[in-house]
Amino acid sequence: MTQSVMVQVGQCGNQIGCRFWDLALREHAAINQKGIYDEALSSFFRNVDTRTDGDGIDIYKGKICSLKARALLIDMEEGVVNEILQGPLRDVFDSKQLITDVSGSGNNWAVGHKLYGCQYQENIVEKLRRTAEHCDCLQCFFVIHSMGGGTGSGLGTFVLNVLEDEFPEVYRFVTSVYPSGEDDVVTSPYNSVLAMKELNEHADCVLPIENESLFNIVSKIHQMTNSGKLGSTVKQNSLITSSAGGIRTDQAKPFDAMNNIVANLLLNLTSSARFEGSLNMDLNEISMNLVPFPQLHYLVSSLTPLYTLADVNIPSRRLDQMFSDAFSKDHQLIQADPKHSLYLACALLVRGNVQVSDLRRNIERLKPSLQFVSWNQEGWKTGLCSVPPVGHSHSLLALANNTCVKPTFMELKDRFMKLYKKKAHLHHYLHVDGMEQSCFSEAVSSLTDLIEEYNQLDVSKGRPRTDPPRLKIAI
Amino acid sequence: MSIVTVQLGQCGNQIGHEVFNAICSDFHSTHGLCSKKENESYQEACKERFFSEEKTGVPVARAVLVDMEPKVISQTVSMAARSGCWKYDHQSHFCQKQGSGNNWANGYSVHGPRHKDAIMNLVQKEAEKCDRLSGFFTVMSMAGGTGSGMGAFVTQCLRDAFPASFILNQVVWPYGTGEVIVQNYNSVLTLSHLYQSSDALLVHENDAIHKICAQLMNIKQISFRDVNRVIAHQLGSVFQPTHTSERDLMDSLVPHPEFKMLGLRNIPQMSENSLAYSTFTWPGLIKHLRQMLIAHAKMEEGINWQVRPPLPGLPVSQKCSPSRAPHFNTSVANLAILRGKDVQSVDVGGFRDAALYTSWLNPQDAFNVWKTPRAFNKYEKSAALVSNSQFLLKPLDDIVGKAWNMFASKAYVHQYTKFGIEEEDFLDCFTALEQVLSSYASL
């Protein structure tokens with residue numbers, strides 16, 4: 001069994017991270033009835049004997065003593081991390097997993113990446129090494145951050161570079177929250193595009209998330225549960241926005257519901273690696289199957305169902321509805337419509353009591369309405385995990401490598417150019433040591449190239465298929 | 001004569017487990033179909049072939065379990081132990097922590113060489129437990145990374161270490177519409193490599209077995225366990241003792257090294273409920289089996305009875321291209337295995353018809369039949385046909401076509417070159433398989 005380490009950077013990254021650890025504990029508590037530290041738990045948690053001094057000795061078997069998250073919490077302001085350490089999750093982290101500063105990055109990618117990057121590099125490397133040493137077989141680093149600010153965006157991508165240099169064999173999956181059009185941070189286009197270049201070059205897989213989509217999902221659930229129609233019959237802990245059953249008992253924070261969705265995304269993504277199933281799908285398989293060319297590693301994700309009704313008998317019609325929903329644009333975690341764009345590859349990870357025939361039936365049913373690239377007409381990667389998430393009898397995570405990310409990137413570039421043409425706010429960046437105009441031009445050039453790759457693929461969409469001639473054998 | 005089974009990857013281990021289950025449940029109970037005394041010698045032969053004795057009396061499977069991640073093996077071993085009828089040797093498995101990531105190159109070039117010694121040691125130990133080792137039976141899928149890549153590597157090692165023993169690879173072909181996106185690459189790489197070291201490849205297609213589950217077994221929500229049980233039943237019907245050795249199986253079915261792909265058909269196949277109400281006659285079973293062979297049918301429903309063998313004396317029909325499947329399935333060789341009541345009286349003349357076979361073989365040599373009065377697994381009469389014929393021509397052509405299509409765009413190739421499989425290696429494999437396709441097409 002392998003281990004994964006979370007690296008949460010910046011305010012957004014840490015808030016999502018916090019929700020992740022809460023829900024992860026909830027998930028394992030629901031499954032692990034005997035309190036034994038098992039392999040599944042070890043993928044995200046260490047079992048530590050806290051009676052001894054120092055780092056605590058790792059206990060690999062037997063009863064759970066004290067669980068410590070395999071995580072690194074980085075923020076250049078103290079507020080968020082302090083809150084975590086004073087909250088109910090405080091025992092899950094120890095002080096050696098934190099890197100904080102006081103003044104923040106001022107929503108400036110250059111400050112996060114160049115200034116703090118340089119300043120904290122050694123500290124970061126040391127703490128990463130220590131976390132890795134506690135792992136028997138480290139498979140993946142999950143970086144969680146937002147793109148629009150300064151710390152998550154700048155320092156987060158700096159850490160990504162460090163991960164590639166120090167641990168080249170370990171996968172780097174990045175969950176990036178992209179700013180929406182009406183973002184209140186004026187310089188968010190700069191920060192995002194500068195960060196994109198780093199993601200292009202140093203990430204294995206990126207899962208882009210847009211707040212607008214999360215917000216819409218939260219509203220939708222709110223509507224459904226409060227409209228009185230289904231209200232009483234929805235299982236509260238089944239909502240993908242819910243913290244019910246977790247450790248937190250205090251007042252939920254405004255972004256909690258949205259962040260829970262992302263936390264559930266990460267839990268589902270790793271479920272087949274942690275739990276058994278008839279067709280396992282590990283993280284290295286996700287990267288292998290969904291990344292046909294190194295630069296095209298942006299995956300659009302969707303989670304269904306959003307909630308489960310309390311009645312126990314779920315007819316297969318509902319099961320099929322779950323599959324249909326996964327492809328609807330309302331369920332995607334970015335503002336995109338995969339059905340009307342071109343699929344390069346698609347992965348379906350099903351959890352719970354779903355068998356291969358259900359999977360096949362739904363793939364056959366949905367295939368005609370989806371367009372796949374000519375060289376990957378049957379481009380499906382499937383996984384079946386027997387253990388469902390808390391509150392559900394089954395669930396589905398769909399990951400698509402689809403050209404529908406293009407509009408998001410194009411809008412980002414437009415917003416960037418609007419500011420850049422006028423050189424607005426540029427001086428804030430350029431006066432940071434190590435930052436030059438070329439950083440901007442290279443970043444936008446990298447983004448342009450990426451958009452062009454997607455364009456080329458889209459152009460091939462309507463074309464009639466000509467298969468390449470096969471090899472001829474002389475008999 | 002003993003067989004050592006090597007289970008590779010998730011699929012290989014899951015199926016291997018069901019195979020031992022099927023064999024054990026078959027020799028344990030006679031279902032009232034034969035006397036206790038008759039059963040005893042059958043049991044002895046079964047046990048010797050697939051199990052070794054342990055002091056506790058519980059038979060221990062002659063198997064080596066290999067996987068690059070631990071979950072499946074630990075599940076498989078514990079399920080077997082819980083059955084109480086048989087178990088695995090608790091030391092006879094090898095696993096790592098991080099899987100092969102569906103990457104054939106990772107399985108073949110990285111994990112294979114790295115763990116060769118450890119794995120071959122386990123194989124050697126199992127081989128030494130056998131009084132007389134007949135050969136090896138490997139179970140794997142070709143879509144993933146471990147079964148396919150490591151499986152190809154291990155097969156090579158087996159061939160080098162045991163030149164006198166037979167190697168039969170049971171290969172599972174994935175569903176046509178995706179289980180793994182790079183399955184066609186992995187399949188092409190696996191098949192071309194296995195062709196060099198293996199004696200024969202016994203193929204099961206998930207799509208075909210799925211249909212059997214749906215239409216013959218009447219299973220509503222088909223799980224991989226159901227699929228694996230059907231495969232296990234089919235394999236059991238070939239491997240259970242009949243007083244003949246497996247070496248003969250290879251020799252009779254693979255007269256020429258260019259033709260190594262074997263298919264398996266088993267009749268009758270139905271749910272237990274239906275079995276109670278059905279009776280079979282040998283002529284009926286033989287007739288259906290023969291038509292299944294010549295009309296490319298994979299099960300006894302939906303057979304096309306219009307297909308007939310070409311009449312002798314007429315000019316040979318134009319050699320077909322692989323993509324247009326020949327209407328009539330020409331065979332290189334066939335082996336029928338008949339089990340059950342009144343088996344001695346069965347007339348298999350229909351299978352000796354020269355029209356079924358390619359012209360360069362004498363039909364007397366091309367067809368063999370094994371018979372045993374001992375019924376198999378609740379079926380009063382059952383017949384299995386192992387055939388070396390054109391039935392895999394179209395499926396193989398599809399796989400090679402899709403892989404070639406993807407290769408032309410260079411998609412995913414960087415994932416393989418990362419681990420040392422270069423474009424030239426791909427081209428070699430494509431060439432090898434085009435050769436195989438061409439040979440089968442010209443039968």
# chains A, B, ... in the order shown; residues from 1 in each chain; ligands from 1

call {"tool": "interface_residues", "arguments": {"of": "chain B", "to": "chain A", "cutoff": "7 Å", "atoms": "only C-alpha atoms", "output": "list of chain:residue names"}}
result
B:Glu69, B:Pro70, B:Lys71, B:Lys97, B:Gln98, B:Gly101, B:Asn102, B:Thr177, B:Gly178, B:Glu179, B:Val180, B:Ile181, B:Val182, B:Gln221, B:Ile222, B:Ser223, B:Phe224, B:Asn405, B:Met406, B:Ala408, B:Ser409, B:Ala411, B:Tyr412, B:Gln415, B:Glu434, B:Gln435

call {"tool": "select_by_dssp", "arguments": {"residues": "segment 343-388 of chain A", "states": "strand (DSSP E or B)", "output": "number ranges by chain"}}
result
A: 343-352, 371-372, 380-385

call {"tool": "residues_around", "arguments": {"residues": "segment 201-212 of chain B", "least_positions_apart": "6", "cutoff": "8 Å", "atoms": "only C-alpha atoms", "output": "JSON, numbers by chain"}}
result
{"B": [168, 169, 170, 171, 172, 173, 174, 175, 176, 194, 195, 222, 227, 230, 231, 260, 261, 262, 263, 264, 269, 298, 299]}

call {"tool": "residues_around", "arguments": {"residues": "Ser148 of chain B", "least_positions_apart": "2", "cutoff": "12 Å", "atoms": "only C-alpha atoms", "output": "ChimeraX atom specification"}}
result
/B:7-12,66-68,100-109,111-112,138-146,150-155,169-174,182-194

call {"tool": "closest_residue", "arguments": {"among": "A:Leu266, A:Met76, A:Ala257, A:Met147", "to": "Lys220 of chain A", "atoms": "only C-alpha atoms"}}
result
A:Ala257

call {"tool": "closest_residue", "arguments": {"among": "A:Asp49, A:Asp458, A:Asp449, A:Asp183", "to": "Asn200 of chain A", "atoms": "only C-alpha atoms"}}
result
A:Asp449

call {"tool": "residues_around", "arguments": {"residues": "Tyr37 of chain A", "least_positions_apart": "4", "cutoff": "12 Å", "atoms": "only C-alpha atoms", "output": "list in words"}}
result
His28, Ala29, Ile31, Asn32, Gln33, Leu41, Ser42, Ser43, Phe44, Phe45, Arg46, Asn47, Val48, Asp58, Ile59, Tyr60, Lys61, Gly62, Lys63, Ile64, Cys65, Ser66, Leu67 and Lys68 of chain A

call {"tool": "atom_distance", "arguments": {"atom1": "atom CA of Lys378 of chain B", "atom2": "atom CA of Leu275 of chain B"}}
result
8.4 Å

call {"tool": "select_by_dssp", "arguments": {"residues": "segment 227-413 of chain B", "states": "alpha helix (DSSP H)", "output": "mmCIF file with N, CA and C atoms, in the first residue's frame"}}
result
data_model
loop_
_atom_site.group_PDB
_atom_site.id
_atom_site.type_symbol
_atom_site.label_atom_id
_atom_site.label_comp_id
_atom_site.auth_asym_id
_atom_site.auth_seq_id
_atom_site.Cartn_x
_atom_site.Cartn_y
_atom_site.Cartn_z
ATOM 1 N N VAL B 227 -18.117 -13.378 -13.982
ATOM 2 C CA VAL B 227 -17.307 -13.584 -15.189
ATOM 3 C C VAL B 227 -16.183 -14.570 -14.889
ATOM 4 N N ASN B 228 -15.512 -14.354 -13.768
ATOM 5 C CA ASN B 228 -14.378 -15.215 -13.426
ATOM 6 C C ASN B 228 -14.810 -16.643 -13.169
ATOM 7 N N ARG B 229 -16.025 -16.806 -12.619
ATOM 8 C CA ARG B 229 -16.489 -18.172 -12.355
ATOM 9 C C ARG B 229 -16.752 -18.924 -13.652
ATOM 10 N N VAL B 230 -17.270 -18.223 -14.649
ATOM 11 C CA VAL B 230 -17.510 -18.889 -15.936
ATOM 12 C C VAL B 230 -16.173 -19.311 -16.537
ATOM 13 N N ILE B 231 -15.208 -18.397 -16.497
ATOM 14 C CA ILE B 231 -13.884 -18.714 -17.031
ATOM 15 C C ILE B 231 -13.300 -19.913 -16.292
ATOM 16 N N ALA B 232 -13.449 -19.914 -14.965
ATOM 17 C CA ALA B 232 -12.901 -21.004 -14.160
ATOM 18 C C ALA B 232 -13.560 -22.326 -14.527
ATOM 19 N N HIS B 233 -14.856 -22.288 -14.739
ATOM 20 C CA HIS B 233 -15.567 -23.505 -15.127
ATOM 21 C C HIS B 233 -15.021 -24.014 -16.462
ATOM 22 N N GLN B 234 -14.837 -23.119 -17.403
ATOM 23 C CA GLN B 234 -14.341 -23.529 -18.717
ATOM 24 C C GLN B 234 -12.943 -24.126 -18.616
ATOM 25 N N LEU B 235 -12.098 -23.486 -17.812
ATOM 26 C CA LEU B 235 -10.739 -23.994 -17.667
ATOM 27 C C LEU B 235 -10.744 -25.351 -16.965
ATOM 28 N N GLY B 236 -11.593 -25.467 -15.938
ATOM 29 C CA GLY B 236 -11.685 -26.741 -15.222
ATOM 30 C C GLY B 236 -12.087 -27.857 -16.152
ATOM 31 N N SER B 237 -12.980 -27.560 -17.076
ATOM 32 C CA SER B 237 -13.465 -28.608 -17.962
ATOM 33 C C SER B 237 -12.368 -29.075 -18.913
ATOM 34 N N VAL B 238 -11.319 -28.299 -19.060
ATOM 35 C CA VAL B 238 -10.189 -28.722 -19.891
ATOM 36 C C VAL B 238 -9.158 -29.444 -19.037
ATOM 37 N N PHE B 239 -8.877 -28.901 -17.859
ATOM 38 C CA PHE B 239 -7.754 -29.397 -17.095
ATOM 39 C C PHE B 239 -8.021 -30.560 -16.179
ATOM 40 N N GLU B 246 -0.944 -33.069 -20.444
ATOM 41 C CA GLU B 246 -1.091 -31.749 -21.049
ATOM 42 C C GLU B 246 -0.093 -31.528 -22.164
ATOM 43 N N ARG B 247 1.020 -32.189 -22.082
ATOM 44 C CA ARG B 247 2.027 -32.075 -23.131
ATOM 45 C C ARG B 247 1.364 -32.433 -24.443
ATOM 46 N N ASP B 248 0.525 -33.483 -24.377
ATOM 47 C CA ASP B 248 -0.161 -33.889 -25.596
ATOM 48 C C ASP B 248 -1.092 -32.796 -26.080
ATOM 49 N N LEU B 249 -1.651 -32.044 -25.136
ATOM 50 C CA LEU B 249 -2.543 -30.950 -25.508
ATOM 51 C C LEU B 249 -1.784 -29.986 -26.406
ATOM 52 N N MET B 250 -0.594 -29.614 -25.960
ATOM 53 C CA MET B 250 0.204 -28.677 -26.738
ATOM 54 C C MET B 250 0.542 -29.252 -28.097
ATOM 55 N N ASP B 251 1.063 -30.484 -28.064
ATOM 56 C CA ASP B 251 1.534 -31.079 -29.313
ATOM 57 C C ASP B 251 0.406 -31.196 -30.321
ATOM 58 N N SER B 252 -0.761 -31.606 -29.839
ATOM 59 C CA SER B 252 -1.823 -31.828 -30.821
ATOM 60 C C SER B 252 -2.398 -30.525 -31.342
ATOM 61 N N LEU B 253 -2.408 -29.498 -30.507
ATOM 62 C CA LEU B 253 -3.073 -28.275 -30.928
ATOM 63 C C LEU B 253 -2.163 -27.262 -31.613
ATOM 64 N N GLU B 272 -27.752 -22.806 -12.381
ATOM 65 C CA GLU B 272 -28.086 -24.031 -11.650
ATOM 66 C C GLU B 272 -29.562 -24.347 -11.685
ATOM 67 N N ASN B 273 -30.367 -23.318 -11.632
ATOM 68 C CA ASN B 273 -31.816 -23.539 -11.640
ATOM 69 C C ASN B 273 -32.242 -24.231 -12.912
ATOM 70 N N SER B 274 -31.721 -23.763 -14.038
ATOM 71 C CA SER B 274 -32.115 -24.357 -15.316
ATOM 72 C C SER B 274 -31.588 -25.770 -15.433
ATOM 73 N N LEU B 275 -30.437 -26.011 -14.840
ATOM 74 C CA LEU B 275 -29.800 -27.321 -14.984
ATOM 75 C C LEU B 275 -30.707 -28.439 -14.523
ATOM 76 N N TRP B 282 -25.767 -36.719 -26.331
ATOM 77 C CA TRP B 282 -24.457 -36.476 -26.926
ATOM 78 C C TRP B 282 -24.562 -35.982 -28.367
ATOM 79 N N PRO B 283 -25.399 -36.605 -29.186
ATOM 80 C CA PRO B 283 -25.465 -36.099 -30.563
ATOM 81 C C PRO B 283 -25.810 -34.610 -30.608
ATOM 82 N N GLY B 284 -26.755 -34.203 -29.740
ATOM 83 C CA GLY B 284 -27.147 -32.794 -29.700
ATOM 84 C C GLY B 284 -25.978 -31.898 -29.318
ATOM 85 N N LEU B 285 -25.250 -32.306 -28.283
ATOM 86 C CA LEU B 285 -24.135 -31.497 -27.803
ATOM 87 C C LEU B 285 -23.054 -31.397 -28.875
ATOM 88 N N ILE B 286 -22.749 -32.533 -29.495
ATOM 89 C CA ILE B 286 -21.677 -32.537 -30.498
ATOM 90 C C ILE B 286 -22.051 -31.671 -31.692
ATOM 91 N N LYS B 287 -23.320 -31.801 -32.084
ATOM 92 C CA LYS B 287 -23.762 -31.025 -33.247
ATOM 93 C C LYS B 287 -23.627 -29.529 -32.981
ATOM 94 N N HIS B 288 -24.116 -29.118 -31.792
ATOM 95 C CA HIS B 288 -24.026 -27.695 -31.449
ATOM 96 C C HIS B 288 -22.585 -27.230 -31.381
ATOM 97 N N LEU B 289 -21.750 -28.043 -30.781
ATOM 98 C CA LEU B 289 -20.351 -27.650 -30.604
ATOM 99 C C LEU B 289 -19.671 -27.476 -31.958
ATOM 100 N N ARG B 290 -19.980 -28.377 -32.869
ATOM 101 C CA ARG B 290 -19.365 -28.300 -34.192
ATOM 102 C C ARG B 290 -19.797 -27.025 -34.905
ATOM 103 N N GLN B 291 -21.096 -26.723 -34.808
ATOM 104 C CA GLN B 291 -21.574 -25.519 -35.480
ATOM 105 C C GLN B 291 -21.018 -24.263 -34.826
ATOM 106 N N MET B 292 -20.867 -24.314 -33.506
ATOM 107 C CA MET B 292 -20.271 -23.172 -32.811
ATOM 108 C C MET B 292 -18.875 -22.927 -33.364
ATOM 109 N N LEU B 293 -18.164 -24.025 -33.620
ATOM 110 C CA LEU B 293 -16.808 -23.893 -34.127
ATOM 111 C C LEU B 293 -16.805 -23.245 -35.495
ATOM 112 N N ILE B 294 -17.601 -23.803 -36.433
ATOM 113 C CA ILE B 294 -17.454 -23.328 -37.794
ATOM 114 C C ILE B 294 -18.143 -21.990 -38.031
ATOM 115 N N PRO B 363 -6.491 -34.435 -41.531
ATOM 116 C CA PRO B 363 -7.526 -34.330 -40.493
ATOM 117 C C PRO B 363 -7.375 -35.370 -39.396
ATOM 118 N N GLN B 364 -6.753 -36.490 -39.674
ATOM 119 C CA GLN B 364 -6.544 -37.477 -38.611
ATOM 120 C C GLN B 364 -5.650 -36.919 -37.532
ATOM 121 N N ASP B 365 -4.662 -36.102 -37.954
ATOM 122 C CA ASP B 365 -3.769 -35.509 -36.966
ATOM 123 C C ASP B 365 -4.357 -34.246 -36.371
ATOM 124 N N ALA B 366 -5.210 -33.587 -37.149
ATOM 125 C CA ALA B 366 -5.686 -32.278 -36.697
ATOM 126 C C ALA B 366 -6.738 -32.391 -35.608
ATOM 127 N N LEU B 393 -9.260 -14.134 -35.304
ATOM 128 C CA LEU B 393 -8.744 -13.267 -36.358
ATOM 129 C C LEU B 393 -9.323 -11.861 -36.259
ATOM 130 N N LYS B 394 -10.668 -11.780 -36.218
ATOM 131 C CA LYS B 394 -11.300 -10.461 -36.189
ATOM 132 C C LYS B 394 -10.984 -9.718 -34.889
ATOM 133 N N PRO B 395 -11.156 -10.340 -33.718
ATOM 134 C CA PRO B 395 -10.837 -9.607 -32.484
ATOM 135 C C PRO B 395 -9.394 -9.117 -32.447
ATOM 136 N N LEU B 396 -8.470 -9.955 -32.904
ATOM 137 C CA LEU B 396 -7.066 -9.544 -32.881
ATOM 138 C C LEU B 396 -6.838 -8.399 -33.846
ATOM 139 N N ASP B 397 -7.474 -8.498 -34.983
ATOM 140 C CA ASP B 397 -7.332 -7.441 -35.977
ATOM 141 C C ASP B 397 -7.854 -6.109 -35.431
ATOM 142 N N ASP B 398 -8.977 -6.175 -34.711
ATOM 143 C CA ASP B 398 -9.531 -4.953 -34.110
ATOM 144 C C ASP B 398 -8.537 -4.331 -33.148
ATOM 145 N N ILE B 399 -7.972 -5.164 -32.298
ATOM 146 C CA ILE B 399 -7.036 -4.650 -31.300
ATOM 147 C C ILE B 399 -5.818 -4.025 -31.978
ATOM 148 N N VAL B 400 -5.257 -4.732 -32.939
ATOM 149 C CA VAL B 400 -4.071 -4.204 -33.622
ATOM 150 C C VAL B 400 -4.418 -2.917 -34.356
ATOM 151 N N GLY B 401 -5.601 -2.883 -34.971
ATOM 152 C CA GLY B 401 -6.036 -1.682 -35.683
ATOM 153 C C GLY B 401 -6.135 -0.480 -34.764
ATOM 154 N N LYS B 402 -6.790 -0.668 -33.620
ATOM 155 C CA LYS B 402 -6.963 0.456 -32.697
ATOM 156 C C LYS B 402 -5.624 0.899 -32.137
ATOM 157 N N ALA B 403 -4.775 -0.068 -31.822
ATOM 158 C CA ALA B 403 -3.462 0.283 -31.282
ATOM 159 C C ALA B 403 -2.655 1.051 -32.317
ATOM 160 N N TRP B 404 -2.739 0.624 -33.561
ATOM 161 C CA TRP B 404 -1.989 1.281 -34.629
ATOM 162 C C TRP B 404 -2.471 2.712 -34.836
ATOM 163 N N ASN B 405 -3.787 2.860 -34.798
ATOM 164 C CA ASN B 405 -4.420 4.168 -34.927
ATOM 165 C C ASN B 405 -3.893 5.123 -33.855
ATOM 166 N N MET B 406 -3.857 4.621 -32.633
ATOM 167 C CA MET B 406 -3.372 5.448 -31.518
ATOM 168 C C MET B 406 -1.883 5.716 -31.672
ATOM 169 N N PHE B 407 -1.149 4.711 -32.123
ATOM 170 C CA PHE B 407 0.302 4.849 -32.266
ATOM 171 C C PHE B 407 0.645 5.889 -33.322
ATOM 172 N N ALA B 408 -0.196 5.959 -34.355
ATOM 173 C CA ALA B 408 0.064 6.914 -35.428
ATOM 174 C C ALA B 408 0.013 8.340 -34.894
ATOM 175 N N VAL B 413 2.634 7.485 -25.980
ATOM 176 C CA VAL B 413 3.912 6.808 -26.189
ATOM 177 C C VAL B 413 4.955 7.280 -25.180
#

call {"tool": "closest_residue", "arguments": {"among": "B:Phe20, B:Lys47, B:Ala118, B:Lys418", "to": "Ser83 of chain B", "atoms": "only C-alpha atoms"}}
result
B:Phe20

call {"tool": "atom_distance", "arguments": {"atom1": "atom CA of Ser2 of chain B", "atom2": "atom CA of Gly135 of chain B"}}
result
7.1 Å

call {"tool": "closest_residue", "arguments": {"among": "A:Ser460, A:Asn107, A:Gln295, A:Ser393", "to": "Phe372 of chain A", "atoms": "only C-alpha atoms"}}
result
A:Ser460

call {"tool": "residues_around", "arguments": {"residues": "Phe327 of chain A", "least_positions_apart": "2", "cutoff": "9 Å", "atoms": "only C-alpha atoms", "output": "MDAnalysis selection string"}}
result
chainID A and resid 302 323:325 329:332 337:339 366 398

call {"tool": "atom_distance", "arguments": {"atom1": "atom CA of Pro113 of chain B", "atom2": "atom CA of Tyr416 of chain B"}}
result
16.3 Å

call {"tool": "residues_around", "arguments": {"residues": "Ser95 of chain A", "least_positions_apart": "6", "cutoff": "12 Å", "atoms": "only C-alpha atoms", "output": "NGL selection string"}}
result
:A and (54-55 or 68-69 or 71-74 or 81-82 or 84-86 or 127)
